[in-house]
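Content type mmCIF, C-alpha atoms, from the file target07.cif:
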```cif
data_final
loop_
_atom_site.group_PDB
_atom_site.id
_atom_site.type_symbol
_atom_site.label_atom_id
_atom_site.label_comp_id
_atom_site.auth_asym_id
_atom_site.auth_seq_id
_atom_site.Cartn_x
_atom_site.Cartn_y
_atom_site.Cartn_z
ATOM 1 C CA MET A 22 -1.137 60.265 140.307
ATOM 2 C CA PRO A 23 -3.343 60.670 143.417
ATOM 3 C CA VAL A 24 -7.078 60.950 142.795
ATOM 4 C CA ALA A 25 -8.542 64.440 142.803
ATOM 5 C CA SER A 26 -10.451 63.737 146.022
ATOM 6 C CA GLU A 27 -7.106 63.695 147.878
ATOM 7 C CA PHE A 28 -6.407 67.318 146.917
ATOM 8 C CA THR A 29 -7.655 70.415 148.701
ATOM 9 C CA ALA A 30 -8.026 72.629 145.659
ATOM 10 C CA ILE A 31 -8.405 76.402 145.485
ATOM 11 C CA THR A 32 -11.202 77.315 143.095
ATOM 12 C CA SER A 33 -11.781 81.053 143.516
ATOM 13 C CA PRO A 34 -9.838 84.320 143.844
ATOM 14 C CA GLY A 35 -11.407 84.789 147.263
ATOM 15 C CA GLU A 36 -9.996 81.488 148.538
ATOM 16 C CA LEU A 37 -6.586 82.396 147.162
ATOM 17 C CA ARG A 38 -6.587 85.790 148.866
ATOM 18 C CA GLU A 39 -7.769 84.241 152.112
ATOM 19 C CA LEU A 40 -4.745 81.953 152.022
ATOM 20 C CA LEU A 41 -2.095 84.411 150.780
ATOM 21 C CA GLY A 42 -3.399 87.716 152.059
ATOM 22 C CA ALA A 43 -3.313 91.028 150.214
ATOM 23 C CA PRO A 44 -0.196 91.986 148.234
ATOM 24 C CA MET A 45 2.186 94.472 149.815
ATOM 25 C CA PRO A 46 1.685 98.055 148.577
ATOM 26 C CA ARG A 47 5.140 98.133 146.902
ATOM 27 C CA ALA A 48 4.257 94.962 145.004
ATOM 28 C CA VAL A 49 1.226 96.733 143.532
ATOM 29 C CA THR A 50 2.739 100.132 142.777
ATOM 30 C CA LYS A 51 5.861 98.766 141.051
ATOM 31 C CA GLU A 52 3.957 98.030 137.838
ATOM 32 C CA ARG A 53 4.741 100.340 134.919
ATOM 33 C CA THR A 54 3.773 100.540 131.246
ATOM 34 C CA VAL A 55 6.742 102.547 129.944
ATOM 35 C CA LEU A 56 10.436 101.695 130.042
ATOM 36 C CA HIS A 57 12.355 103.502 132.762
ATOM 37 C CA GLU A 58 16.010 104.382 132.277
ATOM 38 C CA ARG A 59 16.904 101.553 134.686
ATOM 39 C CA ASP A 60 14.832 99.085 132.655
ATOM 40 C CA ARG A 61 16.944 100.033 129.658
ATOM 41 C CA ASP A 62 20.095 99.554 131.748
ATOM 42 C CA TRP A 63 18.923 96.095 132.803
ATOM 43 C CA LEU A 64 18.145 95.038 129.244
ATOM 44 C CA ALA A 65 21.570 96.298 128.167
ATOM 45 C CA GLN A 66 23.208 93.941 130.682
ATOM 46 C CA SER A 67 20.964 90.901 130.268
ATOM 47 C CA PRO A 68 22.200 88.008 128.082
ATOM 48 C CA PHE A 69 19.230 85.695 128.696
ATOM 49 C CA CYS A 70 15.449 85.691 128.894
ATOM 50 C CA LEU A 71 12.533 83.283 129.042
ATOM 51 C CA ILE A 72 9.490 83.860 126.835
ATOM 52 C CA ALA A 73 6.119 82.407 127.843
ATOM 53 C CA THR A 74 3.371 81.957 125.271
ATOM 54 C CA ALA A 75 0.039 80.164 124.930
ATOM 55 C CA ASP A 76 -2.002 79.106 121.921
ATOM 56 C CA ALA A 77 -5.663 79.897 121.296
ATOM 57 C CA GLU A 78 -6.727 76.977 123.526
ATOM 58 C CA GLY A 79 -4.436 78.003 126.377
ATOM 59 C CA ASN A 80 -1.742 75.359 125.852
ATOM 60 C CA CYS A 81 1.469 76.925 127.176
ATOM 61 C CA ASP A 82 5.135 76.982 126.253
ATOM 62 C CA VAL A 83 8.241 78.664 127.660
ATOM 63 C CA SER A 84 11.266 79.208 125.437
ATOM 64 C CA PRO A 85 14.780 80.384 126.414
ATOM 65 C CA LYS A 86 16.533 83.078 124.387
ATOM 66 C CA GLY A 87 20.155 84.089 124.797
ATOM 67 C CA ASP A 88 22.790 86.219 123.112
ATOM 68 C CA PRO A 89 25.467 88.707 124.165
ATOM 69 C CA PRO A 90 24.277 91.202 126.822
ATOM 70 C CA GLY A 91 21.949 93.786 125.336
ATOM 71 C CA PHE A 92 20.535 91.414 122.718
ATOM 72 C CA ALA A 93 17.021 92.696 123.438
ATOM 73 C CA HIS A 94 16.821 95.832 121.319
ATOM 74 C CA VAL A 95 14.897 98.817 122.683
ATOM 75 C CA LEU A 96 12.868 100.269 119.840
ATOM 76 C CA ASP A 97 11.124 102.990 121.889
ATOM 77 C CA ASP A 98 9.730 103.617 125.376
ATOM 78 C CA THR A 99 7.052 100.930 124.999
ATOM 79 C CA THR A 100 8.551 98.471 122.519
ATOM 80 C CA ILE A 101 11.419 95.967 122.602
ATOM 81 C CA VAL A 102 12.682 93.513 120.000
ATOM 82 C CA VAL A 103 14.036 90.014 120.666
ATOM 83 C CA PRO A 104 15.966 88.523 117.718
ATOM 84 C CA ASP A 105 15.639 84.859 116.841
ATOM 85 C CA ARG A 106 18.681 82.695 116.186
ATOM 86 C CA PRO A 107 19.016 79.287 114.477
ATOM 87 C CA GLY A 108 17.524 76.464 116.548
ATOM 88 C CA ASN A 109 15.617 73.219 116.158
ATOM 89 C CA ARG A 110 12.870 74.832 114.014
ATOM 90 C CA ARG A 111 10.019 73.564 116.218
ATOM 91 C CA ALA A 112 8.838 77.184 116.593
ATOM 92 C CA ASP A 113 6.409 76.245 119.377
ATOM 93 C CA GLY A 114 6.314 79.736 120.857
ATOM 94 C CA PHE A 115 6.134 81.461 117.479
ATOM 95 C CA LEU A 116 3.198 79.285 116.399
ATOM 96 C CA ASN A 117 1.490 80.169 119.671
ATOM 97 C CA ILE A 118 1.999 83.879 119.019
ATOM 98 C CA LEU A 119 0.334 83.599 115.615
ATOM 99 C CA ALA A 120 -2.751 82.291 117.427
ATOM 100 C CA ASN A 121 -2.461 84.392 120.594
ATOM 101 C CA PRO A 122 -0.130 87.419 120.717
ATOM 102 C CA ARG A 123 0.050 87.620 124.534
ATOM 103 C CA VAL A 124 3.568 87.001 125.880
ATOM 104 C CA GLY A 125 5.432 87.149 129.177
ATOM 105 C CA LEU A 126 9.204 87.623 129.403
ATOM 106 C CA ILE A 127 11.685 87.336 132.266
ATOM 107 C CA PHE A 128 15.151 88.851 131.797
ATOM 108 C CA LEU A 129 18.034 87.648 133.974
ATOM 109 C CA ILE A 130 21.492 89.012 134.711
ATOM 110 C CA PRO A 131 23.980 86.368 135.941
ATOM 111 C CA GLY A 132 24.733 86.901 139.604
ATOM 112 C CA ARG A 133 21.699 89.107 140.260
ATOM 113 C CA GLY A 134 18.780 87.719 142.245
ATOM 114 C CA GLU A 135 16.207 90.133 140.850
ATOM 115 C CA THR A 136 14.616 89.677 137.448
ATOM 116 C CA LEU A 137 12.891 92.040 135.028
ATOM 117 C CA ARG A 138 9.418 90.981 133.940
ATOM 118 C CA ILE A 139 7.712 92.265 130.805
ATOM 119 C CA ASN A 140 4.204 91.335 129.683
ATOM 120 C CA GLY A 141 2.624 92.477 126.454
ATOM 121 C CA ARG A 142 1.616 91.687 122.895
ATOM 122 C CA ALA A 143 4.010 90.267 120.328
ATOM 123 C CA THR A 144 4.336 90.384 116.571
ATOM 124 C CA LEU A 145 6.587 88.198 114.414
ATOM 125 C CA VAL A 146 8.629 90.285 111.975
ATOM 126 C CA ARG A 147 10.758 88.910 109.148
ATOM 127 C CA ASP A 148 12.499 92.178 108.264
ATOM 128 C CA ALA A 149 12.698 95.796 109.353
ATOM 129 C CA PRO A 150 15.328 98.568 109.363
ATOM 130 C CA PHE A 151 16.285 97.770 112.971
ATOM 131 C CA PHE A 152 17.432 94.271 111.933
ATOM 132 C CA ASP A 153 20.761 95.904 111.123
ATOM 133 C CA ASP A 154 21.123 96.577 114.856
ATOM 134 C CA LEU A 155 20.558 92.885 115.667
ATOM 135 C CA VAL A 156 23.608 91.533 113.838
ATOM 136 C CA VAL A 157 25.878 89.299 115.954
ATOM 137 C CA LYS A 158 29.160 87.946 114.597
ATOM 138 C CA GLY A 159 28.147 89.011 111.118
ATOM 139 C CA HIS A 160 24.814 87.200 111.198
ATOM 140 C CA ARG A 161 21.580 89.117 110.672
ATOM 141 C CA PRO A 162 18.489 87.361 112.077
ATOM 142 C CA SER A 163 15.788 86.204 109.688
ATOM 143 C CA LEU A 164 13.090 86.664 112.320
ATOM 144 C CA ALA A 165 12.471 88.843 115.364
ATOM 145 C CA LEU A 166 9.827 89.230 118.022
ATOM 146 C CA VAL A 167 8.490 92.753 118.498
ATOM 147 C CA VAL A 168 6.912 93.146 121.946
ATOM 148 C CA GLU A 169 4.561 96.013 122.773
ATOM 149 C CA ILE A 170 4.905 96.492 126.529
ATOM 150 C CA GLU A 171 1.721 96.505 128.587
ATOM 151 C CA GLN A 172 3.264 95.789 131.988
ATOM 152 C CA ILE A 173 6.832 95.925 133.280
ATOM 153 C CA PHE A 174 8.335 95.581 136.751
ATOM 154 C CA PHE A 175 11.237 94.159 138.715
ATOM 155 C CA HIS A 176 10.702 90.906 140.604
ATOM 156 C CA CYS A 177 12.406 90.408 143.974
ATOM 157 C CA ALA A 178 15.291 87.991 144.578
ATOM 158 C CA LYS A 179 13.610 85.481 146.905
ATOM 159 C CA ALA A 180 13.176 82.696 144.344
ATOM 160 C CA LEU A 181 16.786 82.861 143.176
ATOM 161 C CA MET A 182 18.015 83.116 146.755
ATOM 162 C CA ARG A 183 16.049 80.031 147.771
ATOM 163 C CA SER A 184 17.290 78.095 144.747
ATOM 164 C CA LYS A 185 20.898 79.309 145.178
ATOM 165 C CA LEU A 186 20.941 79.525 141.405
ATOM 166 C CA TRP A 187 24.114 81.604 141.185
ATOM 167 C CA LYS A 188 26.040 79.694 143.908
ATOM 168 C CA PRO A 189 28.592 77.509 142.047
ATOM 169 C CA GLU A 190 29.199 75.410 145.166
ATOM 170 C CA THR A 191 25.622 74.098 144.859
ATOM 171 C CA TRP A 192 25.900 73.139 141.193
ATOM 172 C CA GLU A 193 25.883 69.442 140.276
ATOM 173 C CA PRO A 194 25.805 69.326 136.467
ATOM 174 C CA ASP A 195 26.907 65.683 136.429
ATOM 175 C CA ALA A 196 24.125 64.463 138.728
ATOM 176 C CA LEU A 197 22.246 63.368 135.593
ATOM 177 C CA PRO A 198 23.516 61.633 132.449
ATOM 178 C CA SER A 199 24.735 63.796 129.579
ATOM 179 C CA HIS A 200 22.179 65.219 127.174
ATOM 180 C CA ALA A 201 23.345 62.741 124.535
ATOM 181 C CA ARG A 202 22.603 59.813 126.854
ATOM 182 C CA LEU A 203 19.209 61.246 127.769
ATOM 183 C CA VAL A 204 18.334 61.546 124.083
ATOM 184 C CA LYS A 205 19.446 57.971 123.455
ATOM 185 C CA GLU A 206 17.364 56.696 126.374
ATOM 186 C CA MET A 207 14.194 58.637 125.635
ATOM 187 C CA GLN A 208 14.010 59.200 121.885
ATOM 188 C CA PRO A 209 13.914 56.839 118.902
ATOM 189 C CA VAL A 210 17.307 57.709 117.377
ATOM 190 C CA ASP A 211 19.654 55.667 115.208
ATOM 191 C CA GLU A 212 22.894 57.363 116.275
ATOM 192 C CA THR A 213 25.158 55.792 118.858
ATOM 193 C CA VAL A 214 25.793 57.522 122.173
ATOM 194 C CA GLU A 215 29.264 58.439 120.937
ATOM 195 C CA GLU A 216 27.844 60.057 117.799
ATOM 196 C CA LEU A 217 25.320 61.970 119.877
ATOM 197 C CA GLU A 218 28.014 63.082 122.316
ATOM 198 C CA HIS A 219 29.915 64.593 119.404
ATOM 199 C CA TYR A 220 26.784 66.210 117.965
ATOM 200 C CA TYR A 221 25.838 67.867 121.277
ATOM 201 C CA SER A 222 29.392 68.752 122.269
ATOM 202 C CA GLU A 223 30.136 72.412 122.955
ATOM 203 C CA ALA A 224 32.809 72.419 120.263
ATOM 204 C CA ASN A 225 30.326 71.239 117.626
ATOM 205 C CA TYR A 226 27.392 73.333 118.854
ATOM 206 C CA SER A 227 29.497 76.498 118.952
ATOM 207 C CA LYS A 228 29.836 76.281 115.153
ATOM 208 C CA LYS A 229 26.034 76.472 114.765
ATOM 209 C CA LEU A 230 25.123 79.296 117.134
ATOM 210 C CA TYR A 231 24.417 81.797 114.375
ATOM 211 C CA GLN A 232 23.909 79.682 111.280
ATOM 212 C CA SER A 233 21.729 76.706 110.495
#
```

Conversion result in structure tokens:
Amino acid sequence: MPVASEFTAITSPGELRELLGAPMPRAVTKERTVLHERDRDWLAQSPFCLIATADAEGNCDVSPKGDPPGFAHVLDDTTIVVPDRPGNRRADGFLNILANPRVGLIFLIPGRGETLRINGRATLVRDAPFFDDLVVKGHRPSLALVVEIEQIFFHCAKALMRSKLWKPETWEPDALPSHARLVKEMQPVDETVEELEHYYSEANYSKKLYQS
């Protein structure tokens, strides 16, 4: 890594504003604190979100969450619920929330360049009456994230346009080795590549989407 003396660092808000300039008026006025009807529509169509958290010392984590469209349950005009599903049990983001409830979420809709951003405070809940509304394929979650909205707005499409994220002709999923081979190369595992390929295969994983 280059030594710090080779960097021209920005160390103050004033320097940052001098470089970037002031935000456009629409970028400032788009912030809201209450769900609009169109926010509800977006959440009803979104099958995927990213949840950013940080612990008490500021160490960060971002975790993906996905389910059928509309998986984020609207509890009221200022509260949404994101159900948890079986995973690897690391619980990095959940442990962060226990130390620091501040969260940031980005909801995507496949094919759309814009994203919906929600920032607020989160609580981990192990049961509540609304859990009955979170059942998917007969499976009721054992945990959910209740987010009290403090800020909500739509983010423009520039980043997704630049990345061409939704352009299949730009996709190269085989440019890197399979996940099984990456695990074998980078982790101390006893399984063979073939055993790992079976474990991580879509056919095998699909059996574990809603049960441990």

Hey, what's within 8 Å of Gly114 in chain A if we count only C-alpha atoms and toss same-chain stuff fewer than 3 positions away? As a PDB file with C-alpha atoms, keeping the file's coordinate frame, please?
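selection.pdb, written as the output of this step:
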```
ATOM      1  CA  ILE A  72       9.490  83.860 126.835  1.00  0.00           C
ATOM      2  CA  ALA A  73       6.119  82.407 127.843  1.00  0.00           C
ATOM      3  CA  THR A  74       3.371  81.957 125.271  1.00  0.00           C
ATOM      4  CA  ALA A  75       0.039  80.164 124.930  1.00  0.00           C
ATOM      5  CA  ASP A  82       5.135  76.982 126.253  1.00  0.00           C
ATOM      6  CA  VAL A  83       8.241  78.664 127.660  1.00  0.00           C
ATOM      7  CA  SER A  84      11.266  79.208 125.437  1.00  0.00           C
ATOM      8  CA  ASN A 117       1.490  80.169 119.671  1.00  0.00           C
ATOM      9  CA  ILE A 118       1.999  83.879 119.019  1.00  0.00           C
TER      10      ILE A 118
END
```

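Comparing A:Glu135, A:Glu58, A:Glu223, A:Glu215 by their smallest distance to Met182 in chain A, the closest is A:Glu135 (using all atoms listed in the file).
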
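With all atoms listed in the file as the atoms that count, the minimum distance from Gly134 in chain A to the choices A:Leu197, A:Ala112, A:Cys177, A:Leu230 is reached by A:Cys177.
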
Range 99-212 of chain A near range 50-57 of chain A within 6 Å: what's each residue's closest atom pair and its distance in Å to one decimal, counting all atoms listed in the file, ordered by chain then ascending residue number, as a tab-separated table?
```
residue	atom	partner	partner_atom	distance
A:Thr99	CA	A:Val55	CA	5.2
A:Glu171	CA	A:Thr54	CA	5.2
A:Gln172	CA	A:Thr54	CA	4.8
A:Ile173	CA	A:Arg53	CA	5.2
A:Phe174	CA	A:Glu52	CA	5.1
```

> Of the candidates A:Ile170, A:Ala43, A:Leu137, A:Ile130, which one gets nearest to Asp97 in chain A if we count all atoms listed in the file?
Replying inline: A:Ile170

>> Here is a test: counting all atoms listed in the file, which residue of A:Pro162, A:Ala120, A:Asp76, A:Cys81 is nearest to Val102 in chain A?
In response: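 Closest residue, counting all atoms listed in the file: A:Pro162.
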
>> List as a PyMOL selection string the protein and nucleic acid residues near range 165-168 of chain A, meaning an atom at most 12 Å away when all atoms listed in the file are counted, but skip any in the same chain fewer than 3 places from it.
In response: chain A and resi 72+86+92-107+114-115+118-119+122-126+139-156+161-162+171-173

>> As an exercise, work out the distance from CA of Met45 in chain A to CA of His176 in chain A in Å and give it to one decimal place.
In response: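 We find that CA of Met45 in chain A and CA of His176 in chain A lie 13.0 Å from each other.
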
> Expressed in Å to a single decimal, how great is the separation between CA of Thr213 in chain A and CA of His200 in chain A?
Replying inline: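 Computed distance, CA of Thr213 in chain A to CA of His200 in chain A, equals 12.9 Å.
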
>> List as a list in words the protein and nucleic acid residues near Leu186 in chain A, meaning an atom at most 9 Å away when all atoms listed in the file are counted, but skip any in the same chain fewer than 5 places from it.
In response: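 Listed by chain and then number, they are Gly132, Gly134, Ala180, Leu181, Thr191 and Trp192 of chain A.
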
>> Given all atoms listed in the file as the basis, pick out the residue of A:Asp88, A:Glu27, A:Glu39, A:Glu190 nearest to Val157 in chain A.
In response: A:Asp88

Take every atom of range 107-112 of chain A listed in the file, pad by 8 Å on each side, and give me the axis-aligned box centre and edge lengths in Å, one decimal, as JSON.
```
{"center_x": 13.9, "center_y": 76.3, "center_z": 115.3, "size_x": 26.2, "size_y": 22.1, "size_z": 18.6}
```

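One finds CA of Gly108 in chain A at 7.4 Å from CA of Ser233 in chain A.
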